[in-house]
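S.K.: Just one file: my_file.cif, with mmCIF, C-alpha atoms and all ligand atoms.
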data_my_file
#
loop_
_atom_site.group_PDB
_atom_site.id
_atom_site.type_symbol
_atom_site.label_atom_id
_atom_site.label_comp_id
_atom_site.auth_asym_id
_atom_site.auth_seq_id
_atom_site.Cartn_x
_atom_site.Cartn_y
_atom_site.Cartn_z
ATOM 1 C CA MET A 1 -23.438 19.435 -26.311
ATOM 2 C CA VAL A 2 -22.229 15.862 -26.101
ATOM 3 C CA THR A 3 -23.228 14.383 -22.758
ATOM 4 C CA ASN A 4 -22.742 10.735 -23.638
ATOM 5 C CA VAL A 5 -19.974 9.646 -21.285
ATOM 6 C CA SER A 6 -20.989 12.243 -18.778
ATOM 7 C CA SER A 7 -20.789 11.974 -15.056
ATOM 8 C CA PHE A 8 -20.970 14.267 -12.037
ATOM 9 C CA GLY A 9 -21.757 17.407 -13.956
ATOM 10 C CA ARG A 10 -23.131 15.742 -17.096
ATOM 11 C CA SER A 11 -20.028 16.776 -19.033
ATOM 12 C CA GLY A 12 -16.435 15.607 -18.911
ATOM 13 C CA LEU A 13 -15.061 19.110 -19.273
ATOM 14 C CA PHE A 14 -17.057 20.386 -16.322
ATOM 15 C CA ASP A 15 -15.845 17.471 -14.206
ATOM 16 C CA TRP A 16 -12.290 18.172 -15.295
ATOM 17 C CA VAL A 17 -12.517 21.788 -14.091
ATOM 18 C CA VAL A 18 -14.206 20.814 -10.804
ATOM 19 C CA GLN A 19 -11.525 18.167 -10.208
ATOM 20 C CA ARG A 20 -8.820 20.818 -10.592
ATOM 21 C CA VAL A 21 -10.443 23.561 -8.519
ATOM 22 C CA SER A 22 -11.169 21.090 -5.720
ATOM 23 C CA ALA A 23 -7.589 19.772 -5.948
ATOM 24 C CA VAL A 24 -6.222 23.262 -5.260
ATOM 25 C CA ILE A 25 -8.525 23.651 -2.240
ATOM 26 C CA LEU A 26 -7.520 20.226 -0.908
ATOM 27 C CA ALA A 27 -3.819 20.946 -1.388
ATOM 28 C CA SER A 28 -4.101 24.261 0.502
ATOM 29 C CA TYR A 29 -6.014 22.681 3.371
ATOM 30 C CA THR A 30 -3.521 19.800 3.596
ATOM 31 C CA LEU A 31 -0.604 22.235 3.867
ATOM 32 C CA CYS A 32 -2.526 24.347 6.395
ATOM 33 C CA ILE A 33 -3.285 21.414 8.710
ATOM 34 C CA LEU A 34 0.147 19.803 8.354
ATOM 35 C CA SER A 35 1.924 23.066 9.193
ATOM 36 C CA THR A 36 -0.391 23.696 12.154
ATOM 37 C CA LEU A 37 0.477 20.264 13.544
ATOM 38 C CA LEU A 38 4.179 20.639 12.735
ATOM 39 C CA LEU A 39 4.495 24.061 14.365
ATOM 40 C CA ASN A 40 2.541 23.051 17.489
ATOM 41 C CA PRO A 41 3.772 19.591 18.445
ATOM 42 C CA ASP A 42 2.502 19.650 22.029
ATOM 43 C CA MET A 43 -0.939 21.102 21.613
ATOM 44 C CA THR A 44 -3.362 20.935 24.521
ATOM 45 C CA TYR A 45 -7.106 20.389 24.285
ATOM 46 C CA PRO A 46 -8.077 24.079 24.717
ATOM 47 C CA GLU A 47 -5.543 25.083 22.050
ATOM 48 C CA TRP A 48 -6.817 22.407 19.657
ATOM 49 C CA GLN A 49 -10.387 23.513 20.254
ATOM 50 C CA LEU A 50 -9.422 27.119 19.621
ATOM 51 C CA VAL A 51 -8.005 26.182 16.207
ATOM 52 C CA PHE A 52 -11.422 24.993 15.050
ATOM 53 C CA ASP A 53 -13.296 27.709 16.902
ATOM 54 C CA SER A 54 -12.401 30.497 14.511
ATOM 55 C CA PHE A 55 -14.751 31.348 11.685
ATOM 56 C CA SER A 56 -11.999 31.204 9.084
ATOM 57 C CA MET A 57 -10.991 27.665 10.062
ATOM 58 C CA ARG A 58 -14.604 26.454 10.097
ATOM 59 C CA PHE A 59 -15.187 28.047 6.733
ATOM 60 C CA PHE A 60 -12.001 26.501 5.314
ATOM 61 C CA THR A 61 -12.886 23.091 6.726
ATOM 62 C CA LEU A 62 -16.400 23.229 5.296
ATOM 63 C CA LEU A 63 -15.018 24.308 1.931
ATOM 64 C CA THR A 64 -12.643 21.345 2.097
ATOM 65 C CA LEU A 65 -15.479 18.943 2.918
ATOM 66 C CA LEU A 66 -17.347 20.196 -0.136
ATOM 67 C CA ALA A 67 -14.175 19.809 -2.201
ATOM 68 C CA ILE A 68 -13.825 16.226 -0.941
ATOM 69 C CA LEU A 69 -17.432 15.570 -1.915
ATOM 70 C CA ALA A 70 -16.870 16.683 -5.503
ATOM 71 C CA HIS A 71 -13.260 15.520 -5.913
ATOM 72 C CA GLY A 72 -13.798 12.133 -4.303
ATOM 73 C CA TRP A 73 -16.985 11.447 -6.219
ATOM 74 C CA ILE A 74 -15.522 12.396 -9.604
ATOM 75 C CA GLY A 75 -12.347 10.420 -8.844
ATOM 76 C CA MET A 76 -14.148 7.288 -7.661
ATOM 77 C CA TRP A 77 -16.602 7.531 -10.577
ATOM 78 C CA THR A 78 -13.653 7.573 -12.973
ATOM 79 C CA ILE A 79 -12.104 4.556 -11.307
ATOM 80 C CA SER A 80 -15.372 2.618 -11.281
ATOM 81 C CA THR A 81 -16.057 3.217 -14.977
ATOM 82 C CA ASP A 82 -12.535 2.014 -15.810
ATOM 83 C CA TYR A 83 -12.535 -1.284 -13.934
ATOM 84 C CA LEU A 84 -16.058 -2.188 -12.856
ATOM 85 C CA THR A 85 -17.336 -2.760 -16.364
ATOM 86 C CA THR A 86 -18.828 -5.737 -18.147
ATOM 87 C CA ARG A 87 -15.623 -5.929 -20.176
ATOM 88 C CA MET A 88 -13.446 -6.311 -17.096
ATOM 89 C CA MET A 89 -15.877 -8.071 -14.788
ATOM 90 C CA GLY A 90 -18.212 -9.973 -17.078
ATOM 91 C CA GLY A 91 -21.980 -10.000 -16.611
ATOM 92 C CA LYS A 92 -21.850 -8.639 -13.064
ATOM 93 C CA GLY A 93 -19.949 -5.527 -14.161
ATOM 94 C CA THR A 94 -22.923 -3.187 -14.282
ATOM 95 C CA VAL A 95 -24.319 -4.287 -10.942
ATOM 96 C CA LEU A 96 -20.886 -4.041 -9.321
ATOM 97 C CA ARG A 97 -20.303 -0.577 -10.743
ATOM 98 C CA ILE A 98 -23.636 0.845 -9.686
ATOM 99 C CA GLY A 99 -23.329 -0.746 -6.254
ATOM 100 C CA PHE A 100 -19.845 0.696 -5.807
ATOM 101 C CA GLN A 101 -20.977 4.123 -6.988
ATOM 102 C CA LEU A 102 -23.904 4.136 -4.582
ATOM 103 C CA LEU A 103 -21.503 3.213 -1.772
ATOM 104 C CA CYS A 104 -19.250 6.115 -2.756
ATOM 105 C CA ILE A 105 -22.142 8.596 -2.939
ATOM 106 C CA GLY A 106 -23.383 7.386 0.435
ATOM 107 C CA LEU A 107 -19.965 7.659 2.064
ATOM 108 C CA THR A 108 -19.239 11.070 0.622
ATOM 109 C CA LEU A 109 -22.581 12.468 1.852
ATOM 110 C CA LEU A 110 -21.932 10.908 5.247
ATOM 111 C CA TYR A 111 -18.571 12.711 5.366
ATOM 112 C CA LEU A 112 -20.224 16.038 4.652
ATOM 113 C CA VAL A 113 -22.962 15.683 7.263
ATOM 114 C CA TRP A 114 -20.558 14.244 9.837
ATOM 115 C CA GLY A 115 -18.116 17.080 9.226
ATOM 116 C CA ILE A 116 -20.793 19.743 9.650
ATOM 117 C CA ASP A 117 -21.887 18.008 12.837
ATOM 118 C CA ILE A 118 -18.299 18.050 14.169
ATOM 119 C CA LEU A 119 -17.901 21.747 13.366
ATOM 120 C CA TRP A 120 -21.244 23.068 14.566
ATOM 121 C CA GLY A 121 -22.814 20.209 16.512
ATOM 122 C CA ASN A 122 -21.205 20.599 19.899
ATOM 123 C CA MET B 1 -32.701 12.141 -17.235
ATOM 124 C CA PHE B 2 -30.708 11.051 -14.243
ATOM 125 C CA LEU B 3 -28.910 13.450 -11.950
ATOM 126 C CA PHE B 4 -26.005 11.027 -11.874
ATOM 127 C CA ASN B 5 -24.951 9.056 -14.902
ATOM 128 C CA PHE B 6 -23.669 5.640 -13.911
ATOM 129 C CA GLY B 7 -21.667 5.161 -17.086
ATOM 130 C CA ALA B 8 -23.938 2.442 -18.470
ATOM 131 C CA ASN B 9 -24.152 4.085 -21.871
ATOM 132 C CA VAL B 10 -20.398 4.046 -22.516
ATOM 133 C CA LYS B 11 -20.121 2.508 -25.985
ATOM 134 C CA ASP B 12 -18.959 -1.099 -25.815
ATOM 135 C CA ASN B 13 -17.822 -1.659 -29.378
ATOM 136 C CA ARG B 14 -14.562 0.265 -29.498
ATOM 137 C CA PRO B 15 -11.277 -1.608 -30.045
ATOM 138 C CA VAL B 16 -9.362 -2.001 -26.813
ATOM 139 C CA ASN B 17 -6.323 -3.732 -25.366
ATOM 140 C CA LEU B 18 -6.622 -4.075 -21.625
ATOM 141 C CA ASP B 19 -4.559 -7.240 -21.308
ATOM 142 C CA PHE B 20 -2.445 -6.388 -18.266
ATOM 143 C CA THR B 21 -0.026 -9.261 -18.938
ATOM 144 C CA THR B 22 1.143 -7.676 -22.184
ATOM 145 C CA PHE B 23 1.646 -4.228 -20.681
ATOM 146 C CA LYS B 24 5.077 -2.768 -20.023
ATOM 147 C CA LEU B 25 4.771 0.045 -17.540
ATOM 148 C CA PRO B 26 7.065 3.029 -18.059
ATOM 149 C CA LEU B 27 7.848 5.193 -15.021
ATOM 150 C CA PRO B 28 5.117 7.782 -15.717
ATOM 151 C CA ALA B 29 2.569 4.953 -15.870
ATOM 152 C CA ILE B 30 3.709 3.720 -12.464
ATOM 153 C CA THR B 31 3.477 7.168 -10.873
ATOM 154 C CA SER B 32 0.049 7.549 -12.477
ATOM 155 C CA ILE B 33 -1.382 4.297 -11.128
ATOM 156 C CA LEU B 34 0.071 5.103 -7.691
ATOM 157 C CA HIS B 35 -1.785 8.424 -7.854
ATOM 158 C CA ARG B 36 -4.994 6.523 -8.510
ATOM 159 C CA ILE B 37 -4.363 3.989 -5.729
ATOM 160 C CA SER B 38 -3.459 6.727 -3.227
ATOM 161 C CA GLY B 39 -6.616 8.630 -4.208
ATOM 162 C CA ALA B 40 -8.799 5.614 -3.483
ATOM 163 C CA ILE B 41 -7.036 5.045 -0.143
ATOM 164 C CA LEU B 42 -7.647 8.686 0.793
ATOM 165 C CA PHE B 43 -11.300 8.451 -0.135
ATOM 166 C CA PHE B 44 -11.882 5.704 2.435
ATOM 167 C CA GLY B 45 -9.272 7.096 4.850
ATOM 168 C CA ILE B 46 -11.265 10.318 5.307
ATOM 169 C CA ALA B 47 -13.570 8.275 7.563
ATOM 170 C CA GLY B 48 -10.687 7.646 9.961
ATOM 171 C CA LEU B 49 -9.620 11.290 9.926
ATOM 172 C CA LEU B 50 -13.149 12.488 10.666
ATOM 173 C CA TYR B 51 -13.371 9.996 13.510
ATOM 174 C CA LEU B 52 -10.126 11.342 15.014
ATOM 175 C CA LEU B 53 -11.296 14.943 14.552
ATOM 176 C CA ASP B 54 -14.688 14.192 16.079
ATOM 177 C CA THR B 55 -13.199 12.428 19.108
ATOM 178 C CA SER B 56 -10.395 14.919 19.725
ATOM 179 C CA LEU B 57 -12.662 17.969 19.529
ATOM 180 C CA GLY B 58 -15.588 16.393 21.369
ATOM 181 C CA SER B 59 -14.251 16.432 24.938
ATOM 182 C CA PRO B 60 -11.009 16.647 26.920
ATOM 183 C CA GLU B 61 -11.276 12.888 27.536
ATOM 184 C CA GLY B 62 -11.603 12.281 23.806
ATOM 185 C CA PHE B 63 -8.577 14.455 23.162
ATOM 186 C CA ALA B 64 -6.621 12.481 25.747
ATOM 187 C CA SER B 65 -7.563 9.141 24.205
ATOM 188 C CA VAL B 66 -6.611 10.312 20.699
ATOM 189 C CA THR B 67 -3.228 11.430 22.074
ATOM 190 C CA GLU B 68 -2.886 8.025 23.685
ATOM 191 C CA TRP B 69 -3.818 6.148 20.470
ATOM 192 C CA LEU B 70 -1.255 8.165 18.550
ATOM 193 C CA GLY B 71 1.409 6.794 20.901
ATOM 194 C CA ASN B 72 0.587 3.219 19.885
ATOM 195 C CA PRO B 73 3.124 1.772 17.373
ATOM 196 C CA ILE B 74 0.459 0.123 15.208
ATOM 197 C CA VAL B 75 -1.612 3.303 15.063
ATOM 198 C CA LYS B 76 1.560 5.194 14.154
ATOM 199 C CA LEU B 77 2.116 2.780 11.284
ATOM 200 C CA VAL B 78 -1.447 3.253 9.986
ATOM 201 C CA ILE B 79 -1.158 7.044 10.310
ATOM 202 C CA TRP B 80 2.159 6.947 8.482
ATOM 203 C CA ALA B 81 0.623 4.917 5.646
ATOM 204 C CA GLY B 82 -2.227 7.414 5.401
ATOM 205 C CA VAL B 83 0.106 10.410 5.472
ATOM 206 C CA ALA B 84 2.251 8.699 2.827
ATOM 207 C CA ALA B 85 -0.796 8.275 0.566
ATOM 208 C CA LEU B 86 -1.717 11.920 1.140
ATOM 209 C CA LEU B 87 1.793 13.227 0.452
ATOM 210 C CA TYR B 88 2.155 11.079 -2.637
ATOM 211 C CA HIS B 89 -1.267 12.071 -3.995
ATOM 212 C CA LEU B 90 -0.534 15.723 -3.225
ATOM 213 C CA ILE B 91 2.844 15.759 -4.982
ATOM 214 C CA ALA B 92 1.719 13.734 -7.996
ATOM 215 C CA GLY B 93 -1.472 15.820 -8.111
ATOM 216 C CA VAL B 94 0.449 19.099 -8.169
ATOM 217 C CA LYS B 95 2.619 17.687 -10.957
ATOM 218 C CA HIS B 96 -0.597 16.796 -12.785
ATOM 219 C CA LEU B 97 -1.841 20.375 -12.416
ATOM 220 C CA ILE B 98 1.485 21.776 -13.642
ATOM 221 C CA MET B 99 1.285 19.556 -16.718
ATOM 222 C CA ASP B 100 -2.305 20.717 -17.261
ATOM 223 C CA LEU B 101 -0.846 24.217 -17.566
ATOM 224 C CA GLY B 102 1.118 22.896 -20.533
ATOM 225 C CA ILE B 103 4.471 22.578 -18.766
ATOM 226 C CA GLY B 104 6.522 19.461 -19.464
ATOM 227 C CA GLU B 105 4.020 17.865 -21.828
ATOM 228 C CA THR B 106 6.625 15.968 -23.827
ATOM 229 C CA LEU B 107 7.854 12.398 -23.558
ATOM 230 C CA SER B 108 11.097 13.459 -21.869
ATOM 231 C CA GLY B 109 9.196 15.999 -19.755
ATOM 232 C CA GLY B 110 6.828 13.268 -18.611
ATOM 233 C CA VAL B 111 9.657 10.971 -17.570
ATOM 234 C CA LEU B 112 11.488 13.788 -15.789
ATOM 235 C CA GLY B 113 8.261 14.820 -14.020
ATOM 236 C CA ALA B 114 7.710 11.241 -12.863
ATOM 237 C CA LYS B 115 11.274 11.072 -11.512
ATOM 238 C CA ILE B 116 10.828 14.338 -9.623
ATOM 239 C CA VAL B 117 7.544 13.046 -8.148
ATOM 240 C CA ILE B 118 9.233 9.835 -6.935
ATOM 241 C CA VAL B 119 12.176 11.687 -5.365
ATOM 242 C CA LEU B 120 10.023 14.313 -3.603
ATOM 243 C CA ALA B 121 7.506 11.705 -2.447
ATOM 244 C CA VAL B 122 10.154 9.384 -0.994
ATOM 245 C CA LEU B 123 11.869 12.302 0.760
ATOM 246 C CA SER B 124 8.670 13.722 2.244
ATOM 247 C CA ILE B 125 7.407 10.292 3.319
ATOM 248 C CA VAL B 126 10.697 9.540 5.088
ATOM 249 C CA VAL B 127 10.573 12.943 6.822
ATOM 250 C CA ALA B 128 6.960 12.244 7.829
ATOM 251 C CA GLY B 129 8.066 8.914 9.298
ATOM 252 C CA ILE B 130 10.762 10.627 11.357
ATOM 253 C CA TRP B 131 8.210 13.197 12.519
ATOM 254 C CA ILE B 132 5.667 10.553 13.564
ATOM 255 C CA TRP B 133 8.256 8.564 15.547
HETATM 256 C C1 LIG A 201 -4.087 16.926 -1.278
HETATM 257 C C2 LIG A 201 -4.468 17.578 -2.353
HETATM 258 C C3 LIG A 201 -4.950 16.852 -3.602
HETATM 259 C C4 LIG A 201 -4.519 17.136 -4.869
HETATM 260 C C5 LIG A 201 -3.496 18.205 -5.284
HETATM 261 C C6 LIG A 201 -5.212 16.229 -5.753
HETATM 262 C C7 LIG A 201 -5.081 16.219 -7.122
HETATM 263 C C8 LIG A 201 -5.747 15.397 -7.976
HETATM 264 C C9 LIG A 201 -5.805 15.532 -9.402
HETATM 265 C C10 LIG A 201 -5.151 16.636 -10.236
HETATM 266 C C11 LIG A 201 -6.545 14.491 -9.880
HETATM 267 C C12 LIG A 201 -6.948 14.271 -11.330
HETATM 268 C C13 LIG A 201 -6.207 13.153 -11.967
HETATM 269 C C14 LIG A 201 -6.697 12.933 -13.381
HETATM 270 O O1 LIG A 201 -7.465 13.754 -13.921
HETATM 271 O O2 LIG A 201 -6.299 11.909 -13.957
HETATM 272 C C15 LIG A 201 -6.942 13.680 -8.754
HETATM 273 C C16 LIG A 201 -7.642 12.502 -8.820
HETATM 274 C C17 LIG A 201 -8.156 11.824 -7.726
HETATM 275 N N1 LIG A 201 -8.119 12.231 -6.403
HETATM 276 FE FE1 LIG A 201 -7.077 13.806 -5.733
HETATM 277 N N2 LIG A 201 -6.040 15.406 -5.012
HETATM 278 C C18 LIG A 201 -5.921 15.769 -3.695
HETATM 279 C C19 LIG A 201 -6.590 15.199 -2.610
HETATM 280 C C20 LIG A 201 -7.454 14.122 -2.681
HETATM 281 C C21 LIG A 201 -8.204 13.588 -1.573
HETATM 282 C C22 LIG A 201 -8.235 14.147 -0.144
HETATM 283 C C23 LIG A 201 -8.885 12.509 -2.058
HETATM 284 C C24 LIG A 201 -9.835 11.616 -1.305
HETATM 285 C C25 LIG A 201 -11.086 11.954 -1.099
HETATM 286 C C26 LIG A 201 -8.560 12.352 -3.459
HETATM 287 C C27 LIG A 201 -9.027 11.361 -4.297
HETATM 288 C C28 LIG A 201 -8.806 11.291 -5.647
HETATM 289 C C29 LIG A 201 -9.264 10.224 -6.510
HETATM 290 C C30 LIG A 201 -10.041 8.984 -6.073
HETATM 291 C C31 LIG A 201 -8.842 10.552 -7.814
HETATM 292 C C32 LIG A 201 -9.084 9.749 -9.095
HETATM 293 C C33 LIG A 201 -7.820 9.072 -9.513
HETATM 294 C C34 LIG A 201 -7.846 8.626 -10.943
HETATM 295 O O3 LIG A 201 -8.806 8.911 -11.697
HETATM 296 O O4 LIG A 201 -6.881 7.967 -11.337
HETATM 297 N N3 LIG A 201 -7.694 13.363 -3.808
HETATM 298 N N4 LIG A 201 -6.443 14.266 -7.582
#
Would you write the structure of this file as structure tokens?
Ligand code: HEM
M.R.:
Amino acid sequence: MVTNVSSFGRSGLFDWVVQRVSAVILASYTLCILSTLLLNPDMTYPEWQLVFDSFSMRFFTLLTLLAILAHGWIGMWTISTDYLTTRMMGGKGTVLRIGFQLLCIGLTLLYLVWGIDILWGN
Amino acid sequence: MFLFNFGANVKDNRPVNLDFTTFKLPLPAITSILHRISGAILFFGIAGLLYLLDTSLGSPEGFASVTEWLGNPIVKLVIWAGVAALLYHLIAGVKHLIMDLGIGETLSGGVLGAKIVIVLAVLSIVVAGIWIW
């Protein structure tokens, strides 16, 4: 198998599939949250807490966090390898790209841990 | 060898024209770059959303302060910008997925798809603005 210009999953095709599966999860969650907020404009604190108290909502939110992890990383990796290159940036291209990618990995892991802490921490 | 590949071994010797000043951007190219820009905004915007979720779920006081922030005109503007990026990325992303299924993969189909994306995005973003204010 060719793994030359590989990335998240060591193969472009795998990344492509992950990007699409995660996109569907993210789209569903977006519609779910937006409609919850639209249908309940004057929510109170106990009501809001109840929304995230149910197992299904916690599960969905965790699934979405995982989707963000994969989708965001693949997306930002793609962007970084398009612009933060030695061709576009000169000699500093490689350093810039790796620095940016480390920042993105760090942020995305922070999101996951923070999200789990929000859902189960208190 | 590495768990993550940082793209360092992308071959450098292929012919390429990345001179932005000689580009003419057709409509589908514009909707595509906007999809990329909105994706990057969302990636960093998640931090703000998690902060709001954390604060609003943490305590009744936190919930009250989030409600209060959301009444602030500048916060409303930022939220609107974020929602706009989300709606745009969502609509253009769904169009992307539809094209991946092989629908509309022609030159005219691409232009029509881009027009539909623009119309739906503008409409939904305006509606979101009305909803926020
Ligand atoms: C709301 C539902 C979403 C849908 C339907 C969606 C859809 C997509 C699709 C299909 C792509 C692939 C584009 C390509 O292969 O060229 C993509 C790219 C991307 N997405 Fe999303 N996405 C969603 C949410 C998000 C979120 C929440 C983030 C932020 C973490 C995000 C960040 C990105 C980034 C950075 C890219 C790369 C853009 C590029 O390569 O040009 N997306 N999205």
S.K.: With only C-alpha atoms as the counted atoms, please give the residues lying no more than 10 Å from Thr108 in chain A, apart from itself and same-chain residues fewer than 3 positions off, as a list in words.
M.R.: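 So, after excluding close chain neighbours, the residues are Leu65, Leu66, Ile68, Leu69, Ala70, His71, Gly72, Trp73, Leu102, Leu103, Cys104, Ile105, Tyr111, Leu112, Val113 and Trp114 of chain A; Phe43, Phe44, Ile46 and Ala47 of chain B.
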S.K.: Pick the closest to Lys95 in chain B from A:Ile98, A:Gly106, A:Asp15, A:Val24: which is it, counting all atoms listed in the file?
M.R.: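 Closest candidate: A:Val24.
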S.K.: Looking at all atoms listed in the file, which of B:Pro26, B:Gly82, B:Gly104, B:Gly62 is the one that sits closest to ligand LIG 201 (chain A)?
M.R.: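 Closest to ligand LIG 201 (chain A), using all atoms listed in the file: B:Gly82.
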S.K.: Report as a PyMOL selection string which protein, DNA and RNA residues come within 6 Å of ligand LIG 201 (chain A), using only C-alpha atoms and all ligand atoms.
M.R.: (chain A and resi 20+23-24+26-27+30+68+72+75-76+78-79) or (chain B and resi 36+39-40+42-43+89-90+93-94+96-97)
S.K.: For the file shown, what are the residues hit by the PyMOL selection byres (((chain B and resi 65-79) around 8) and not hetatm), laid out as a count of residues only?
M.R.: 13
S.K.: Starting from the displayed file, determine the output of the PyMOL selection byres (((chain A and resi 95) around 12) and not hetatm) and express the residue list as JSON, numbers by chain.
M.R.: {"A": [80, 81, 84, 85, 86, 89, 90, 91, 92, 93, 94, 96, 97, 98, 99, 100, 101, 102], "B": [6, 7, 8]}
S.K.: So how many Å separate CA of Asp54 in chain B and CA of Ile118 in chain A, to one decimal?
M.R.: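 These two atoms are separated by 5.6 Å.
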S.K.: Could you tell me which of A:Gly12, A:Ala67, A:Asp53, A:Tyr45 comes closest to chain B if we count only C-alpha atoms?
M.R.: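 With only C-alpha atoms as the atom set, the closest residue is A:Tyr45.
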S.K.: Separation of CA of Trp77 in chain A and CA of Met99 in chain B, in Å?
M.R.: 22.4 Å
